[in-house]
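Trainee: Take this structure, written in structure tokens, and hold onto it; I'll ask about it next.
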Amino acid sequence: MKLQLALDDIPLSAVLALVEHVRAYIDIIEVGTPFLYAEGLAAVRELRRRFPEKEILADMKIMDAGEYETRQALAAGADYVTVLGVTDILTVKGCLAVAAEFGKTIVVDMICEPDLAARIKQLEAVGVRALAVHTGVDQQAAGRTPLDDLRVMKSASRSSQIFVAGGINAATLPDYTRLGADVVIVGSDICHAENPVAAARTMHGFLYR
């Protein structure tokens, strides 16, 4: 099981300092979508330069032009790129084709997918091997958590790593590990913690006990 740090709403200079402090306790550095909007793929390149031992996920949330946008992110140094599960299957295939060239991984973000089980079957049939449960911040504000979707995804998937995101913190982490998530994504509970190092160490220690 891996711990992924989601970086969304802090500037690059602060990100570099934060990752330097917590690098021993995280496995994947996520360049989140708002962070990409603010800093562009230059953020991926700088994180790759500064932290060559870490895996990097570019949360592109690709919806079109799968081959082109995937190539941009992978050429910048990403190991994982996200595409939205609700997009056309041809877009997903384009992403997968480029990822195969680079020997990297496409993660399909299933946010707002109305029929998880049926879509997972389609996605795995074309070669998808990584899926993400994602309960967005607006859904979280309405009281939704990723747990129900994680159960469905674990039941429906036959061959994929399962990433899970959506307001996960130290108190709820055991719920996700118990249900079999492969990658747990944590953002604010580390990035905005009073002591980010202690928060990351606690969660990493739980996952690797």
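In the structure tokens, the first chain shown is A, the next is B, and so on; residue numbers restart at 1 for each chain, and ligands run from 1 in the order shown.
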Would you mind listing what lies within 6 Å of stretch 176-187 of chain A as a ChimeraX atom specification, with only C-alpha atoms counted and same-chain residues fewer than 2 positions away left out?
Mentor: /A:1-6,161-165,168,173-174,189-191
Trainee: Skipping near chain neighbours, those fewer than 4 positions away, what residues fall within 9 Å of stretch 22-29 of chain A using only C-alpha atoms, listed as a PyMOL selection string?
Mentor: chain A and resi 2-7+17-18+47+51+54-58+183+185+196-198+200-205
